[in-house]
Amino acid sequence: MNPLPLAYILLALAIISEVTGSTFLVKSEGFTQLVPSLLVFIFYVISFYLLSQVLKTIPLGIAYAIWSGVGIVLTALIGFFIFRQSLDVPAVIGIALIVSGVVVINLFSNSTGHS
C-alpha cells in the first residue's frame with residue numbers, strides 16, 4: 001500500500017493542530033491563562049509528533065514548506081474572521097503567494113514522493 005496518502009492525512013492533522021495551538025496563543029494572553037496555555041502546549045506537541053511521522057514519507061523541506069505555508073494561511077484567516085484582525089492588500093498578496101508556492105510544490109515537484 002502506498003504510504004503517501006496517509007502521510008498527507010497526517011500532515012493535514014499536523015497543520016490543524018498547529019493552527020489550533022496558535023489560536024490558543026491569543027487566548028493564553030501571554031501564557032497568563034492556564035487552560036489556553038496548556039492547550040497551546042498540547043496542540044503543538046501533537047502537531048510536531050504528527051509532522052515527525054510525515055517525515056518518514058515526505059522529505060523535510062517539502063513537508064515543512066506545506067506545514068508552515070498552509071499553517072500561515074489558515075492562521076491569518078482565523079485572525080481575520082475570528083479575531084477581527086485586518087489584512088491589508090500586501091498581506092493578502094503575500095498569502096496568495098504562499099498558497100501559490102504550496103500548489104506549485106504539490107503539483108509540479110517530484111520531491112513530494114508522487115510521480
# chains A, B, ... in the order shown; residues from 1 in each chain; ligands from 1
>>> residues_around(residues="Phe41 of chain A", least_positions_apart="4", cutoff="8 Å", atoms="only C-alpha atoms", output="ChimeraX atom specification")
/A:21,37,45
>>> write_last_selection(atoms="N, CA and C atoms", output="compact mmCIF listing (two decimals), in the first residue's frame")
# COMPACT_ATOMS: atom_id res chain seq x y z
N GLY A 21 -3.22 25.33 18.06
CA GLY A 21 -2.30 25.79 19.10
C GLY A 21 -2.00 27.27 18.97
N SER A 37 -3.08 28.15 27.84
CA SER A 37 -1.64 27.89 27.79
C SER A 37 -1.36 26.40 27.67
N VAL A 45 2.54 19.92 20.67
CA VAL A 45 3.15 18.59 20.80
C VAL A 45 2.52 17.62 19.78
>>> select_by_dssp(residues="chain A", states="helix (DSSP H, G or I)", output="PyMOL selection string")
chain A and resi 4-28+34-54+60-81+89-108+110-112
>>> write_last_selection(atoms="C-alpha atoms", output="PDB file, in the first residue's frame")
ATOM      1  CA  LEU A   4       1.792   8.794   0.652  1.00  0.00           C
ATOM      2  CA  PRO A   5      -1.977   9.292   1.182  1.00  0.00           C
ATOM      3  CA  LEU A   6      -1.610   8.540   4.900  1.00  0.00           C
ATOM      4  CA  ALA A   7       1.326  10.952   5.099  1.00  0.00           C
ATOM      5  CA  TYR A   8      -0.827  13.727   3.638  1.00  0.00           C
ATOM      6  CA  ILE A   9      -3.645  12.952   6.075  1.00  0.00           C
ATOM      7  CA  LEU A  10      -1.167  13.140   8.959  1.00  0.00           C
ATOM      8  CA  LEU A  11       0.235  16.367   7.513  1.00  0.00           C
ATOM      9  CA  ALA A  12      -3.267  17.867   7.394  1.00  0.00           C
ATOM     10  CA  LEU A  13      -3.827  16.859  11.022  1.00  0.00           C
ATOM     11  CA  ALA A  14      -0.436  18.332  11.963  1.00  0.00           C
ATOM     12  CA  ILE A  15      -1.410  21.607  10.294  1.00  0.00           C
ATOM     13  CA  ILE A  16      -4.787  21.688  12.036  1.00  0.00           C
ATOM     14  CA  SER A  17      -3.100  21.008  15.385  1.00  0.00           C
ATOM     15  CA  GLU A  18      -0.524  23.751  14.834  1.00  0.00           C
ATOM     16  CA  VAL A  19      -3.156  26.282  13.802  1.00  0.00           C
ATOM     17  CA  THR A  20      -5.304  25.355  16.808  1.00  0.00           C
ATOM     18  CA  GLY A  21      -2.299  25.786  19.095  1.00  0.00           C
ATOM     19  CA  SER A  22      -1.515  29.143  17.531  1.00  0.00           C
ATOM     20  CA  THR A  23      -5.117  30.229  18.000  1.00  0.00           C
ATOM     21  CA  PHE A  24      -4.900  29.414  21.696  1.00  0.00           C
ATOM     22  CA  LEU A  25      -1.760  31.590  21.905  1.00  0.00           C
ATOM     23  CA  VAL A  26      -4.045  34.596  21.620  1.00  0.00           C
ATOM     24  CA  LYS A  27      -6.362  33.213  24.291  1.00  0.00           C
ATOM     25  CA  SER A  28      -3.434  32.434  26.622  1.00  0.00           C
ATOM     26  CA  LEU A  34      -3.724  28.325  32.478  1.00  0.00           C
ATOM     27  CA  VAL A  35      -6.148  26.379  30.279  1.00  0.00           C
ATOM     28  CA  PRO A  36      -5.379  28.122  26.975  1.00  0.00           C
ATOM     29  CA  SER A  37      -1.641  27.895  27.786  1.00  0.00           C
ATOM     30  CA  LEU A  38      -1.923  24.149  28.348  1.00  0.00           C
ATOM     31  CA  LEU A  39      -3.867  23.792  25.114  1.00  0.00           C
ATOM     32  CA  VAL A  40      -1.109  25.618  23.221  1.00  0.00           C
ATOM     33  CA  PHE A  41       1.408  23.106  24.550  1.00  0.00           C
ATOM     34  CA  ILE A  42      -0.802  20.073  23.867  1.00  0.00           C
ATOM     35  CA  PHE A  43      -1.669  21.070  20.304  1.00  0.00           C
ATOM     36  CA  TYR A  44       1.951  21.945  19.466  1.00  0.00           C
ATOM     37  CA  VAL A  45       3.152  18.586  20.797  1.00  0.00           C
ATOM     38  CA  ILE A  46       0.520  16.798  18.716  1.00  0.00           C
ATOM     39  CA  SER A  47       1.464  18.830  15.663  1.00  0.00           C
ATOM     40  CA  PHE A  48       5.185  18.135  15.928  1.00  0.00           C
ATOM     41  CA  TYR A  49       4.596  14.444  16.617  1.00  0.00           C
ATOM     42  CA  LEU A  50       2.410  14.143  13.518  1.00  0.00           C
ATOM     43  CA  LEU A  51       4.920  16.119  11.474  1.00  0.00           C
ATOM     44  CA  SER A  52       7.666  13.740  12.618  1.00  0.00           C
ATOM     45  CA  GLN A  53       5.582  10.821  11.316  1.00  0.00           C
ATOM     46  CA  VAL A  54       5.061  12.582   7.980  1.00  0.00           C
ATOM     47  CA  LEU A  60      11.664  17.549   5.355  1.00  0.00           C
ATOM     48  CA  GLY A  61      11.859  20.592   3.074  1.00  0.00           C
ATOM     49  CA  ILE A  62       8.640  19.742   1.285  1.00  0.00           C
ATOM     50  CA  ALA A  63       6.686  18.700   4.388  1.00  0.00           C
ATOM     51  CA  TYR A  64       7.816  21.757   6.334  1.00  0.00           C
ATOM     52  CA  ALA A  65       7.036  24.112   3.438  1.00  0.00           C
ATOM     53  CA  ILE A  66       3.498  22.741   3.206  1.00  0.00           C
ATOM     54  CA  TRP A  67       3.033  22.624   7.005  1.00  0.00           C
ATOM     55  CA  SER A  68       4.211  26.171   7.567  1.00  0.00           C
ATOM     56  CA  GLY A  69       2.683  27.654   4.409  1.00  0.00           C
ATOM     57  CA  VAL A  70      -0.790  26.252   4.933  1.00  0.00           C
ATOM     58  CA  GLY A  71      -0.498  27.000   8.661  1.00  0.00           C
ATOM     59  CA  ILE A  72       0.323  30.642   7.937  1.00  0.00           C
ATOM     60  CA  VAL A  73      -2.654  30.994   5.616  1.00  0.00           C
ATOM     61  CA  LEU A  74      -5.105  29.311   7.987  1.00  0.00           C
ATOM     62  CA  THR A  75      -3.803  31.287  10.965  1.00  0.00           C
ATOM     63  CA  ALA A  76      -4.174  34.545   9.039  1.00  0.00           C
ATOM     64  CA  LEU A  77      -7.732  33.588   8.082  1.00  0.00           C
ATOM     65  CA  ILE A  78      -8.593  32.755  11.698  1.00  0.00           C
ATOM     66  CA  GLY A  79      -7.103  36.073  12.763  1.00  0.00           C
ATOM     67  CA  PHE A  80      -9.229  37.844  10.175  1.00  0.00           C
ATOM     68  CA  PHE A  81     -12.541  36.045  10.693  1.00  0.00           C
ATOM     69  CA  VAL A  89      -3.523  44.402   0.321  1.00  0.00           C
ATOM     70  CA  PRO A  90       0.180  43.474   0.728  1.00  0.00           C
ATOM     71  CA  ALA A  91      -0.795  40.843   3.341  1.00  0.00           C
ATOM     72  CA  VAL A  92      -3.395  39.342   1.006  1.00  0.00           C
ATOM     73  CA  ILE A  93      -0.885  39.298  -1.859  1.00  0.00           C
ATOM     74  CA  GLY A  94       1.687  37.623   0.374  1.00  0.00           C
ATOM     75  CA  ILE A  95      -0.822  34.990   1.458  1.00  0.00           C
ATOM     76  CA  ALA A  96      -1.730  34.368  -2.186  1.00  0.00           C
ATOM     77  CA  LEU A  97       1.966  33.862  -2.979  1.00  0.00           C
ATOM     78  CA  ILE A  98       2.267  31.359  -0.126  1.00  0.00           C
ATOM     79  CA  VAL A  99      -0.742  29.433  -1.440  1.00  0.00           C
ATOM     80  CA  SER A 100       0.768  29.536  -4.932  1.00  0.00           C
ATOM     81  CA  GLY A 101       4.019  28.105  -3.613  1.00  0.00           C
ATOM     82  CA  VAL A 102       2.272  25.214  -1.873  1.00  0.00           C
ATOM     83  CA  VAL A 103       0.278  24.472  -5.036  1.00  0.00           C
ATOM     84  CA  VAL A 104       3.428  24.511  -7.183  1.00  0.00           C
ATOM     85  CA  ILE A 105       5.195  22.136  -4.784  1.00  0.00           C
ATOM     86  CA  ASN A 106       2.305  19.694  -4.784  1.00  0.00           C
ATOM     87  CA  LEU A 107       1.552  19.779  -8.493  1.00  0.00           C
ATOM     88  CA  PHE A 108       4.987  20.032 -10.068  1.00  0.00           C
ATOM     89  CA  ASN A 110       8.942  15.311  -7.844  1.00  0.00           C
ATOM     90  CA  SER A 111      10.343  15.799  -4.337  1.00  0.00           C
ATOM     91  CA  THR A 112       6.968  15.167  -2.707  1.00  0.00           C
TER      92      THR A 112
END
>>> atom_distance(atom1="atom CA of Pro3 of chain A", atom2="atom CA of Ile58 of chain A")
9.6 Å
